[in-house]
$ cat start.cif   # mmCIF, C-alpha atoms and all ligand atoms
data_structure
#
loop_
_atom_site.label_atom_id
_atom_site.label_comp_id
_atom_site.auth_asym_id
_atom_site.auth_seq_id
_atom_site.Cartn_x
_atom_site.Cartn_y
_atom_site.Cartn_z
CA MET D 6 0.00 0.00 0.00
CA THR D 7 1.19 3.53 -0.66
CA SER D 8 1.36 6.03 2.14
CA ALA D 9 -1.78 6.63 4.22
CA GLN D 10 -4.09 9.50 3.36
CA ILE D 11 -4.49 12.12 6.09
CA LEU D 12 -8.14 12.97 6.74
CA THR D 13 -9.44 16.02 8.60
CA ALA D 14 -12.50 16.48 10.79
CA SER D 15 -14.51 17.85 7.84
CA ASP D 16 -17.91 16.33 7.16
CA ASP D 17 -16.75 14.65 3.97
CA ASP D 18 -13.64 13.19 5.56
CA LEU D 19 -15.53 11.88 8.59
CA ARG D 20 -18.04 10.25 6.27
CA GLN D 21 -15.21 8.60 4.35
CA ALA D 22 -13.57 7.33 7.54
CA ALA D 23 -16.89 6.04 8.92
CA GLY D 24 -17.67 4.31 5.63
CA TRP D 25 -14.28 2.61 5.52
CA LEU D 26 -14.68 1.38 9.11
CA ALA D 27 -18.17 0.05 8.32
CA GLN D 28 -16.63 -1.95 5.45
CA GLY D 29 -14.15 -3.56 7.82
CA GLY D 30 -11.26 -1.17 7.13
CA LEU D 31 -8.82 0.34 9.62
CA VAL D 32 -8.49 4.04 10.44
CA ALA D 33 -5.95 5.62 12.79
CA ILE D 34 -7.83 8.03 15.02
CA PRO D 35 -6.86 10.79 17.42
CA THR D 36 -7.81 10.49 21.07
CA GLU D 37 -6.96 12.75 23.99
CA THR D 38 -4.37 10.21 25.23
CA VAL D 39 -2.56 8.80 22.16
CA TYR D 40 -3.57 7.97 18.60
CA GLY D 41 -5.40 4.65 18.20
CA LEU D 42 -5.66 2.15 15.36
CA ALA D 43 -9.42 1.64 15.05
CA ALA D 44 -11.58 -1.13 13.64
CA ASP D 45 -15.24 -2.09 14.02
CA ALA D 46 -15.13 -3.95 17.35
CA CYS D 47 -17.97 -6.26 16.27
CA ASN D 48 -16.25 -7.37 13.05
CA PRO D 49 -13.75 -10.18 13.74
CA GLU D 50 -12.01 -9.86 10.35
CA ALA D 51 -11.45 -6.14 10.89
CA VAL D 52 -10.15 -6.77 14.40
CA ALA D 53 -7.82 -9.49 13.10
CA GLN D 54 -6.27 -6.90 10.79
CA VAL D 55 -5.50 -4.65 13.76
CA PHE D 56 -3.41 -7.41 15.31
CA GLU D 57 -1.70 -8.05 12.00
CA VAL D 58 -0.91 -4.43 11.14
CA LYS D 59 0.43 -3.75 14.64
CA GLY D 60 2.34 -7.01 14.87
CA ARG D 61 0.52 -7.49 18.15
CA PRO D 62 0.39 -10.90 19.82
CA ALA D 63 -3.12 -12.34 20.01
CA PHE D 64 -2.95 -12.66 23.80
CA ASP D 65 -3.00 -8.87 24.25
CA PRO D 66 -6.66 -7.67 24.25
CA LEU D 67 -7.92 -4.38 22.80
CA ILE D 68 -9.81 -1.47 24.36
CA VAL D 69 -13.28 -0.80 22.93
CA HIS D 70 -14.18 2.87 22.37
CA VAL D 71 -17.80 3.99 22.39
CA SER D 72 -19.64 7.28 21.80
CA SER D 73 -20.96 9.60 24.50
CA ALA D 74 -24.44 8.27 23.83
CA ARG D 75 -23.29 4.92 25.25
CA ALA D 76 -21.46 6.36 28.24
CA THR D 77 -23.63 4.62 30.85
CA VAL D 78 -23.63 0.99 31.94
CA ASP D 79 -27.25 0.60 30.77
CA ALA D 80 -26.50 1.94 27.28
CA LEU D 81 -23.43 -0.30 27.03
CA GLU D 82 -25.49 -3.30 28.04
CA ALA D 83 -28.21 -2.42 25.52
CA ALA D 84 -25.55 -2.16 22.79
CA GLY D 85 -24.19 -5.63 23.66
CA VAL D 86 -20.72 -4.21 24.36
CA CYS D 87 -20.59 -5.41 27.94
CA ALA D 88 -22.76 -7.19 30.47
CA PRO D 89 -22.81 -5.15 33.70
CA ARG D 90 -25.78 -7.20 34.89
CA GLN D 91 -23.33 -10.03 35.52
CA MET D 92 -21.44 -7.85 38.00
CA SER D 93 -22.10 -7.83 41.72
CA ALA D 94 -24.23 -4.88 42.89
CA PRO D 95 -21.28 -3.03 44.47
CA ALA D 96 -19.09 -3.53 41.38
CA ARG D 97 -21.83 -2.34 39.08
CA ALA D 98 -22.52 0.71 41.25
CA LEU D 99 -18.83 1.58 41.25
CA ALA D 100 -18.59 1.18 37.47
CA SER D 101 -21.63 3.44 37.01
CA ARG D 102 -20.10 6.05 39.25
CA LEU D 103 -16.79 5.95 37.39
CA ALA D 104 -18.51 6.22 34.01
CA ALA D 105 -20.62 9.18 35.17
CA SER D 106 -17.61 10.99 36.65
CA PHE D 107 -14.85 10.33 34.13
CA TRP D 108 -16.42 9.72 30.70
CA PRO D 109 -15.67 11.06 28.21
CA GLY D 110 -12.08 10.86 29.44
CA PRO D 111 -8.89 8.82 29.83
CA LEU D 112 -10.36 6.10 32.05
CA THR D 113 -10.85 2.52 30.82
CA ILE D 114 -13.18 0.27 32.81
CA VAL D 115 -13.11 -3.54 32.63
CA PHE D 116 -16.57 -5.17 32.43
CA PRO D 117 -17.94 -8.66 31.73
CA ARG D 118 -17.89 -9.06 27.94
CA GLY D 119 -21.06 -8.30 25.98
CA GLU D 120 -22.50 -10.74 23.44
CA ARG D 121 -21.66 -8.56 20.42
CA ILE D 122 -17.93 -8.37 21.15
CA PRO D 123 -15.93 -11.16 19.48
CA GLU D 124 -13.46 -13.11 21.59
CA LEU D 125 -10.63 -11.86 19.41
CA VAL D 126 -11.08 -8.36 20.89
CA THR D 127 -10.71 -9.65 24.43
CA SER D 128 -8.14 -12.36 23.62
CA GLY D 129 -10.58 -14.95 24.84
CA ARG D 130 -11.18 -13.28 28.17
CA PRO D 131 -14.64 -13.11 29.72
CA THR D 132 -14.06 -9.37 30.24
CA VAL D 133 -13.90 -6.35 27.92
CA ALA D 134 -12.14 -3.01 28.48
CA VAL D 135 -14.23 0.03 27.49
CA ARG D 136 -13.79 3.78 27.36
CA VAL D 137 -15.35 6.95 25.91
CA PRO D 138 -12.53 9.11 24.57
CA ALA D 139 -12.60 12.85 25.28
CA HIS D 140 -11.49 14.01 21.86
CA PRO D 141 -13.97 15.90 19.66
CA VAL D 142 -12.79 14.21 16.45
CA ALA D 143 -12.94 10.71 17.94
CA LEU D 144 -16.38 11.42 19.37
CA ALA D 145 -17.62 12.79 16.04
CA LEU D 146 -16.40 9.66 14.25
CA LEU D 147 -17.93 7.32 16.86
CA GLU D 148 -21.23 9.13 16.55
CA ARG D 149 -21.15 9.31 12.77
CA SER D 150 -20.25 5.63 12.34
CA GLY D 151 -22.51 4.32 15.09
CA LEU D 152 -19.83 1.69 15.70
CA ALA D 153 -17.96 0.58 18.78
CA LEU D 154 -14.29 0.84 17.81
CA ALA D 155 -11.60 -1.51 19.04
CA ALA D 156 -8.42 0.57 19.11
CA PRO D 157 -5.01 -0.11 20.56
CA SER D 158 -2.37 2.60 20.36
CA ALA D 159 -1.41 3.19 16.71
CA ASN D 160 2.19 1.96 16.92
CA ARG D 161 3.95 -1.28 16.05
CA PHE D 162 3.75 -3.60 19.04
CA GLY D 163 6.06 -2.70 21.91
CA ARG D 164 7.16 0.64 20.44
CA THR D 165 6.60 4.21 21.57
CA SER D 166 2.94 5.30 21.41
CA PRO D 167 2.09 8.04 18.85
CA THR D 168 0.85 11.41 20.07
CA ARG D 169 0.96 13.21 16.69
CA VAL D 170 -0.13 12.46 13.15
CA GLU D 171 3.45 12.28 11.94
CA HIS D 172 4.23 9.61 14.54
CA VAL D 173 1.37 7.47 13.23
CA ARG D 174 2.58 7.97 9.69
CA ALA D 175 6.08 6.89 10.67
CA GLU D 176 4.79 3.78 12.48
CA LEU D 177 1.99 2.57 10.22
CA GLY D 178 1.81 4.90 7.21
CA GLY D 179 2.58 2.18 4.70
CA ARG D 180 0.14 -0.30 6.21
CA ILE D 181 -3.16 1.55 6.55
CA ARG D 182 -5.29 3.63 4.21
CA PHE D 183 -6.44 6.52 6.47
CA ILE D 184 -5.12 8.56 9.35
CA LEU D 185 -7.58 11.01 10.91
CA ASP D 186 -5.79 14.18 12.06
CA GLY D 187 -6.85 15.56 15.42
CA GLY D 188 -3.69 17.51 16.24
CA PRO D 189 -1.27 16.68 19.05
CA ALA D 190 -2.82 14.49 21.77
CA PRO D 191 -3.50 16.77 24.75
CA VAL D 192 -2.94 14.20 27.53
CA GLY D 193 -0.03 12.27 26.02
CA VAL D 194 -0.13 9.04 28.07
CA GLU D 195 -2.68 6.25 27.70
CA SER D 196 -5.83 5.86 29.74
CA THR D 197 -5.85 4.60 33.30
CA ILE D 198 -7.27 1.05 33.32
CA VAL D 199 -9.31 -0.13 36.31
CA ALA D 200 -11.36 -3.23 37.11
CA PRO D 201 -14.06 -3.11 39.80
CA ASP D 202 -13.91 -6.20 42.05
CA PRO D 203 -16.99 -8.02 43.39
CA GLU D 204 -16.70 -6.39 46.83
CA GLY D 205 -16.78 -2.87 45.41
CA GLY D 206 -13.02 -2.37 45.44
CA LEU D 207 -11.01 -1.16 42.47
CA VAL D 208 -7.97 -2.84 40.90
CA LEU D 209 -5.52 -0.59 39.03
CA LEU D 210 -4.32 -2.39 35.89
CA ARG D 211 -2.43 0.53 34.35
CA PRO D 212 -1.70 4.05 35.64
CA GLY D 213 -2.58 6.69 33.05
CA GLY D 214 -4.37 9.91 32.25
CA ILE D 215 -6.72 9.89 35.26
CA SER D 216 -4.84 10.20 38.53
CA LEU D 217 -5.32 7.87 41.48
CA GLU D 218 -6.19 10.86 43.64
CA ALA D 219 -9.02 11.81 41.27
CA LEU D 220 -10.35 8.24 41.32
CA GLU D 221 -10.29 8.11 45.09
CA ALA D 222 -11.78 11.58 45.54
CA GLU D 223 -14.66 10.74 43.24
CA THR D 224 -15.48 7.23 44.53
CA GLY D 225 -14.07 7.05 48.04
CA VAL D 226 -12.25 3.90 46.92
CA ARG D 227 -8.47 3.73 46.82
CA PRO D 228 -7.36 1.73 43.76
CA ARG D 229 -5.08 -1.16 44.67
CA ALA D 230 -2.45 -3.08 42.75
CA PRO D 231 -3.49 -6.41 41.18
CA ASP D 232 -3.02 -9.43 43.44
CA ARG D 233 0.14 -11.34 42.67
CA GLY D 234 -0.17 -14.78 41.16
CA THR D 235 -3.53 -14.18 39.46
CA GLY D 236 -1.94 -14.33 36.01
CA VAL D 237 -1.38 -11.42 33.69
CA LEU D 238 -4.43 -9.23 34.21
CA ALA D 239 -3.44 -6.55 31.73
CA PRO D 240 -0.93 -7.82 29.21
CA GLY D 241 -0.09 -4.21 28.36
CA MET D 242 1.65 -4.33 31.69
CA LEU D 243 4.37 -6.37 29.96
CA GLU D 244 7.63 -5.26 31.41
CA ALA D 245 9.24 -4.12 28.16
CA HIS D 246 7.00 -1.73 26.22
CA TYR D 247 6.91 1.79 24.75
CA ALA D 248 10.49 1.18 23.69
CA PRO D 249 12.67 3.46 21.59
CA SER D 250 15.10 1.59 19.35
CA LYS D 251 18.07 2.96 21.28
CA ARG D 252 19.04 1.69 24.68
CA LEU D 253 17.39 3.78 27.41
CA THR D 254 18.58 3.70 31.01
CA LEU D 255 16.80 5.31 33.95
CA ILE D 256 19.12 7.04 36.37
CA ARG D 257 18.76 9.14 39.49
CA LEU D 258 19.99 12.61 38.77
CA GLU D 259 22.35 12.88 41.69
CA PRO D 260 25.96 11.78 42.05
CA PRO D 261 26.02 8.00 42.55
CA THR D 262 27.10 6.92 46.00
CA ASP D 263 27.53 3.24 45.15
CA PRO D 264 30.50 2.08 43.05
CA GLN D 265 28.39 -0.10 40.71
CA THR D 266 26.26 2.76 39.46
CA ARG D 267 29.29 4.94 39.04
CA ALA D 268 31.11 2.22 37.09
CA MET D 269 28.04 1.60 34.92
CA LEU D 270 27.81 5.29 34.05
CA GLU D 271 31.52 5.61 33.34
CA ARG D 272 31.48 2.54 31.13
CA ALA D 273 28.46 3.75 29.16
CA LEU D 274 29.78 7.30 28.79
CA GLY D 275 33.27 6.09 27.90
CA SER D 276 32.04 4.24 24.84
CA ALA D 277 29.55 6.78 23.42
CA GLY D 278 30.22 10.02 21.58
CA VAL D 279 26.71 11.47 21.77
CA VAL D 280 24.30 10.77 24.63
CA GLY D 281 20.71 11.91 25.13
CA LEU D 282 19.47 12.95 28.57
CA ILE D 283 15.77 13.26 29.37
CA ARG D 284 15.20 15.42 32.40
CA THR D 285 11.75 14.77 33.83
CA ALA D 286 11.71 18.18 35.55
CA GLY D 287 14.01 21.19 35.77
CA PRO D 288 16.12 22.80 33.07
CA ALA D 289 17.33 20.93 29.97
CA GLU D 290 20.83 20.78 31.39
CA VAL D 291 23.32 18.06 32.22
CA PRO D 292 24.50 18.24 35.84
CA ARG D 293 28.17 18.92 36.34
CA TRP D 294 28.93 15.58 38.03
CA LEU D 295 27.47 13.67 35.08
CA ARG D 296 29.47 15.68 32.55
CA ASP D 297 32.58 14.92 34.58
CA LEU D 298 31.92 11.17 34.34
CA GLY D 299 32.06 11.35 30.55
CA PRO D 300 34.30 14.25 29.58
CA GLY D 301 34.38 13.30 25.89
CA VAL D 302 30.60 13.11 25.48
CA SER D 303 28.42 15.52 23.50
CA TRP D 304 25.06 15.76 25.23
CA ARG D 305 21.56 16.18 23.83
CA ALA D 306 19.60 17.27 26.89
CA VAL D 307 15.85 17.85 26.93
CA THR D 308 13.27 18.31 29.67
CA LEU D 309 9.73 16.98 29.91
CA SER D 310 8.70 20.00 31.96
CA ALA D 311 11.07 22.71 33.16
CA GLY D 312 8.56 23.66 35.84
CA GLY D 313 8.05 20.06 36.96
CA ASP D 314 4.39 20.00 35.86
CA GLY D 315 3.16 16.40 35.47
CA ARG D 316 0.57 17.23 32.83
CA GLU D 317 3.09 19.02 30.66
CA ALA D 318 5.60 16.21 31.18
CA ALA D 319 3.03 13.57 30.13
CA ARG D 320 2.08 15.55 27.04
CA ASN D 321 5.73 15.78 25.95
CA LEU D 322 6.91 12.31 26.95
CA PHE D 323 6.38 10.18 23.83
CA ALA D 324 7.27 12.93 21.33
CA ILE D 325 10.55 13.56 23.18
CA LEU D 326 11.36 9.84 23.29
CA ARG D 327 10.74 9.68 19.56
CA ASP D 328 12.80 12.81 18.78
CA LEU D 329 15.78 11.55 20.76
CA ASP D 330 15.44 8.16 19.13
CA ALA D 331 15.73 9.89 15.75
CA SER D 332 18.60 12.14 16.86
CA ASP D 333 22.32 11.44 16.63
CA ALA D 334 22.41 10.28 20.27
CA GLU D 335 23.75 6.75 20.51
CA LEU D 336 22.25 5.96 23.87
CA LEU D 337 19.70 7.56 26.12
CA PHE D 338 19.45 8.30 29.81
CA ALA D 339 16.26 9.39 31.53
CA GLU D 340 15.98 10.92 34.96
CA GLU D 341 13.84 8.91 37.38
CA PRO D 342 10.87 11.18 38.06
CA THR D 343 10.89 12.63 41.54
CA GLY D 344 7.38 14.06 41.16
CA THR D 345 4.54 12.15 42.87
CA GLY D 346 0.78 12.03 42.38
CA GLY D 347 -1.17 13.22 39.34
CA LEU D 348 0.27 11.88 36.09
CA TRP D 349 3.72 11.09 37.53
CA PRO D 350 2.98 7.40 38.24
CA ALA D 351 2.00 7.00 34.57
CA ILE D 352 5.19 8.76 33.43
CA GLN D 353 7.30 6.62 35.76
CA ASP D 354 5.56 3.50 34.45
CA ARG D 355 6.12 4.34 30.77
CA LEU D 356 9.76 5.36 31.26
CA SER D 357 10.64 2.24 33.21
CA ARG D 358 9.01 -0.02 30.61
CA ALA D 359 10.68 1.90 27.80
CA GLY D 360 13.97 1.20 29.54
CA ALA D 361 13.30 -2.49 30.26
CA ARG D 362 15.06 -5.09 28.12
CA PRO D 363 12.65 -7.50 26.45
O1 LIG V 1 -5.54 5.65 26.05
C1 LIG V 1 -5.67 4.50 25.65
O2 LIG V 1 -6.12 3.61 26.36
C2 LIG V 1 -5.27 4.21 24.20
C3 LIG V 1 -6.18 4.99 23.28
C4 LIG V 1 -5.98 4.64 21.83
O3 LIG V 1 -7.51 4.82 23.67
N1 LIG V 1 -5.30 2.82 23.93
C5 LIG V 1 -4.39 1.94 24.41
O4 LIG V 1 -4.53 0.66 23.89
O5 LIG V 1 -3.54 2.25 25.18
P1 LIG V 1 -3.39 -0.44 24.04
O6 LIG V 1 -3.82 -1.59 23.21
O7 LIG V 1 -2.07 0.12 23.73
O8 LIG V 1 -3.52 -0.91 25.51
C6 LIG V 1 -4.66 -1.62 25.87
C7 LIG V 1 -4.48 -2.20 27.20
C8 LIG V 1 -3.61 -3.41 27.07
O9 LIG V 1 -2.62 -3.33 28.04
C9 LIG V 1 -4.55 -4.52 27.37
O10 LIG V 1 -3.90 -5.55 27.99
C10 LIG V 1 -5.56 -3.87 28.30
O11 LIG V 1 -5.72 -2.61 27.73
N2 LIG V 1 -6.82 -4.58 28.24
C11 LIG V 1 -7.64 -4.68 27.20
N3 LIG V 1 -8.68 -5.47 27.48
C12 LIG V 1 -8.52 -5.90 28.75
C13 LIG V 1 -9.25 -6.76 29.63
N4 LIG V 1 -10.36 -7.36 29.23
N5 LIG V 1 -8.79 -6.95 30.87
C14 LIG V 1 -7.66 -6.34 31.25
N6 LIG V 1 -6.92 -5.53 30.49
C15 LIG V 1 -7.33 -5.31 29.25
MG MG V 2 -0.09 0.48 23.40
#
$ encode --input "start.cif" --output "structure tokens"
Amino acid sequence: MTSAQILTASDDDLRQAAGWLAQGGLVAIPTETVYGLAADACNPEAVAQVFEVKGRPAFDPLIVHVSSARATVDALEAAGVCAPRQMSAPARALASRLAASFWPGPLTIVFPRGERIPELVTSGRPTVAVRVPAHPVALALLERSGLALAAPSANRFGRTSPTRVEHVRAELGGRIRFILDGGPAPVGVESTIVAPDPEGGLVLLRPGGISLEALEAETGVRPRAPDRGTGVLAPGMLEAHYAPSKRLTLIRLEPPTDPQTRAMLERALGSAGVVGLIRTAGPAEVPRWLRDLGPGVSWRAVTLSAGGDGREAARNLFAILRDLDASDAELLFAEEPTGTGGLWPAIQDRLSRAGARP
């Protein structure tokens, strides 16, 4: 296929995108978090193409996106997307509350699977992950098409998620027909994924665009980590993910006190001519002690947010990873975030997975 055509939010373009989806085609769509690769969630052949185009393993289920008109548990049930009636009363009440408070928005809720969702979408699980994206172009397309759209992030499996049209084009441009342009993604990290438990508790499967404080303030429930030993609840929690093609190492931005860290840094800096440094907060500068450990190194230093603002840092994260990956830097360091709360857990999560070795 030749390079993908970029569509706008015009009436004609939305009609074209909706028509292509209805025929079983794929369209990359903007959301407030990252761009997604969308297919009709009720069409197994279309969904199979998503896995193929992304190079995604079949055990990793997709998130289903629905329009604002379906943003309640009753409407979702009526549409056959999920089956909240199978939930316990406390779990169902919590899911309703979350939907009312956070949709449209970057929160994904795990429900019992509805009868219209093929098993391919959920990788054979009895549950389905659902969200209503808070992006006007995504919402317009969902409404126009009348479809539920299965959409993982629009990148090749395991790579950095796209937050701009040009990222999608670089990842998938030769493999899909249409990319819908919605501008840079305003949140920049993926949705928070939660699963209500039967007792009315909440399990956090992935930190993301909705903070834990916001979830707790709204529901009175503090999300907890998944129980160990229950199998992989969210395969997107795979340790190595979001990876640039260059080696990325997380470091604390203070002089190392232990000899191993010092030796590791000296070794790395001794063998590289150009090194990228991602500051998570503060100025785009390399601290003196780090320069001294690699006197021959040319640095490419950037900051996610000079003022240490988590929202700004999240918005910049994936674009900066991508830019440094494309730069002349031979290896990359990223500062361990020191910020807490808000979007910082999501940033910490993405950076540590980007740095993990598969
Ligand atoms: O913000 C987002 O969520 C973006 C945009 C496009 O909406 N989407 C996204 O999709 O991040 P993806 O495929 O990159 O991540 C989907 C995650 C995976 O980690 C998957 O394991 C998890 O959702 N997931 C999907 N269905 C699930 C289920 N039934 N139970 C638990 N986790 C599920
Ligand atoms: Mg992804």
$ closest_residue --input "start.cif" --among "D:Cys47, D:Leu274, D:Val39, D:Ala319" --to "ligand LIG 1 (chain V)" --atoms "all atoms listed in the file"
D:Val39
$ closest_residue --input "start.cif" --among "D:Val199, D:Ala46, D:Ala156, D:Val291" --to "D:Glu120" --atoms "only C-alpha atoms"
D:Ala46
$ atom_distance --input "start.cif" --atom1 "atom CA of D:Cys87" --atom2 "atom CA of D:Ile184"
27.9 Å
$ residues_around --input "start.cif" --residues "stretch 131-148 of chain D" --least-positions-apart "2" --cutoff "6 Å" --atoms "only C-alpha atoms" --output "VMD selection string"
chain D and resid 36 to 37 68 to 72 108 to 110 113 to 118 127 150 to 151
$ closest_residue --input "start.cif" --among "D:Pro49, D:Pro249, D:Pro157, D:Pro89" --to "ligand LIG 1 (chain V)" --atoms "only C-alpha atoms and all ligand atoms"
D:Pro157
$ residues_near_ligand --input "start.cif" --ligand "ligand MG 2 (chain V)" --cutoff "8 Å" --atoms "only C-alpha atoms and all ligand atoms" --output "MDAnalysis selection string"
chainID D and resid 157:160 162:166 195 241 246:247
$ residues_around --input "start.cif" --residues "D:Glu341" --least-positions-apart "2" --cutoff "9 Å" --atoms "all atoms listed in the file" --output "ChimeraX atom specification"
/D:255-258,284-285,339,343,353,356-357
$ closest_residue --input "start.cif" --among "D:Gly129, D:Gly275, D:Gly346, D:Gly360" --to "D:Phe64" --atoms "all atoms listed in the file"
D:Gly129
$ atom_distance --input "start.cif" --atom1 "atom CA of D:Thr224" --atom2 "atom CA of D:Leu207"
9.7 Å
$ axis_aligned_box --input "start.cif" --around "ligand LIG 1 (chain V)" --padding-each-side "6 Å" --output "AutoDock Vina command-line options"
--center_x -6.2 --center_y -0.9 --center_z 26.5 --size_x 20.3 --size_y 25.0 --size_z 21.4
$ atom_distance --input "start.cif" --atom1 "atom CA of D:Pro66" --atom2 "atom CA of D:Ile215"
20.7 Å
$ closest_residue --input "start.cif" --among "D:Ser196, D:Thr168, D:Ser310, D:Thr345" --to "ligand LIG 1 (chain V)" --atoms "all atoms listed in the file"
D:Ser196
$ decode --input "start.cif" --residues "stretch 91-104 of chain D" --atoms "N, CA and C atoms" --output "mmCIF file, in the first residue's frame"
data_model
loop_
_atom_site.group_PDB
_atom_site.id
_atom_site.type_symbol
_atom_site.label_atom_id
_atom_site.label_comp_id
_atom_site.auth_asym_id
_atom_site.auth_seq_id
_atom_site.Cartn_x
_atom_site.Cartn_y
_atom_site.Cartn_z
ATOM 1 N N GLN D 91 -24.046 -8.881 34.916
ATOM 2 C CA GLN D 91 -23.332 -10.027 35.520
ATOM 3 C C GLN D 91 -22.429 -9.607 36.678
ATOM 4 N N MET D 92 -22.312 -8.291 36.915
ATOM 5 C CA MET D 92 -21.438 -7.846 37.999
ATOM 6 C C MET D 92 -22.212 -7.893 39.319
ATOM 7 N N SER D 93 -21.457 -7.944 40.414
ATOM 8 C CA SER D 93 -22.105 -7.826 41.723
ATOM 9 C C SER D 93 -22.680 -6.412 41.838
ATOM 10 N N ALA D 94 -23.632 -6.213 42.734
ATOM 11 C CA ALA D 94 -24.234 -4.881 42.887
ATOM 12 C C ALA D 94 -23.187 -3.818 43.235
ATOM 13 N N PRO D 95 -22.272 -4.070 44.167
ATOM 14 C CA PRO D 95 -21.280 -3.027 44.468
ATOM 15 C C PRO D 95 -20.361 -2.726 43.281
ATOM 16 N N ALA D 96 -19.976 -3.753 42.529
ATOM 17 C CA ALA D 96 -19.085 -3.533 41.380
ATOM 18 C C ALA D 96 -19.804 -2.717 40.306
ATOM 19 N N ARG D 97 -21.050 -3.053 40.087
ATOM 20 C CA ARG D 97 -21.831 -2.343 39.080
ATOM 21 C C ARG D 97 -22.043 -0.876 39.474
ATOM 22 N N ALA D 98 -22.323 -0.669 40.764
ATOM 23 C CA ALA D 98 -22.520 0.709 41.254
ATOM 24 C C ALA D 98 -21.236 1.517 41.088
ATOM 25 N N LEU D 99 -20.112 0.869 41.382
ATOM 26 C CA LEU D 99 -18.830 1.579 41.246
ATOM 27 C C LEU D 99 -18.553 1.901 39.778
ATOM 28 N N ALA D 100 -18.812 0.943 38.901
ATOM 29 C CA ALA D 100 -18.585 1.182 37.467
ATOM 30 C C ALA D 100 -19.467 2.338 36.967
ATOM 31 N N SER D 101 -20.729 2.369 37.420
ATOM 32 C CA SER D 101 -21.633 3.444 37.012
ATOM 33 C C SER D 101 -21.105 4.800 37.462
ATOM 34 N N ARG D 102 -20.623 4.813 38.682
ATOM 35 C CA ARG D 102 -20.096 6.052 39.246
ATOM 36 C C ARG D 102 -18.869 6.534 38.458
ATOM 37 N N LEU D 103 -18.004 5.601 38.145
ATOM 38 C CA LEU D 103 -16.788 5.949 37.392
ATOM 39 C C LEU D 103 -17.159 6.476 36.003
ATOM 40 N N ALA D 104 -18.094 5.802 35.356
ATOM 41 C CA ALA D 104 -18.512 6.222 34.012
ATOM 42 C C ALA D 104 -19.105 7.625 34.063
#
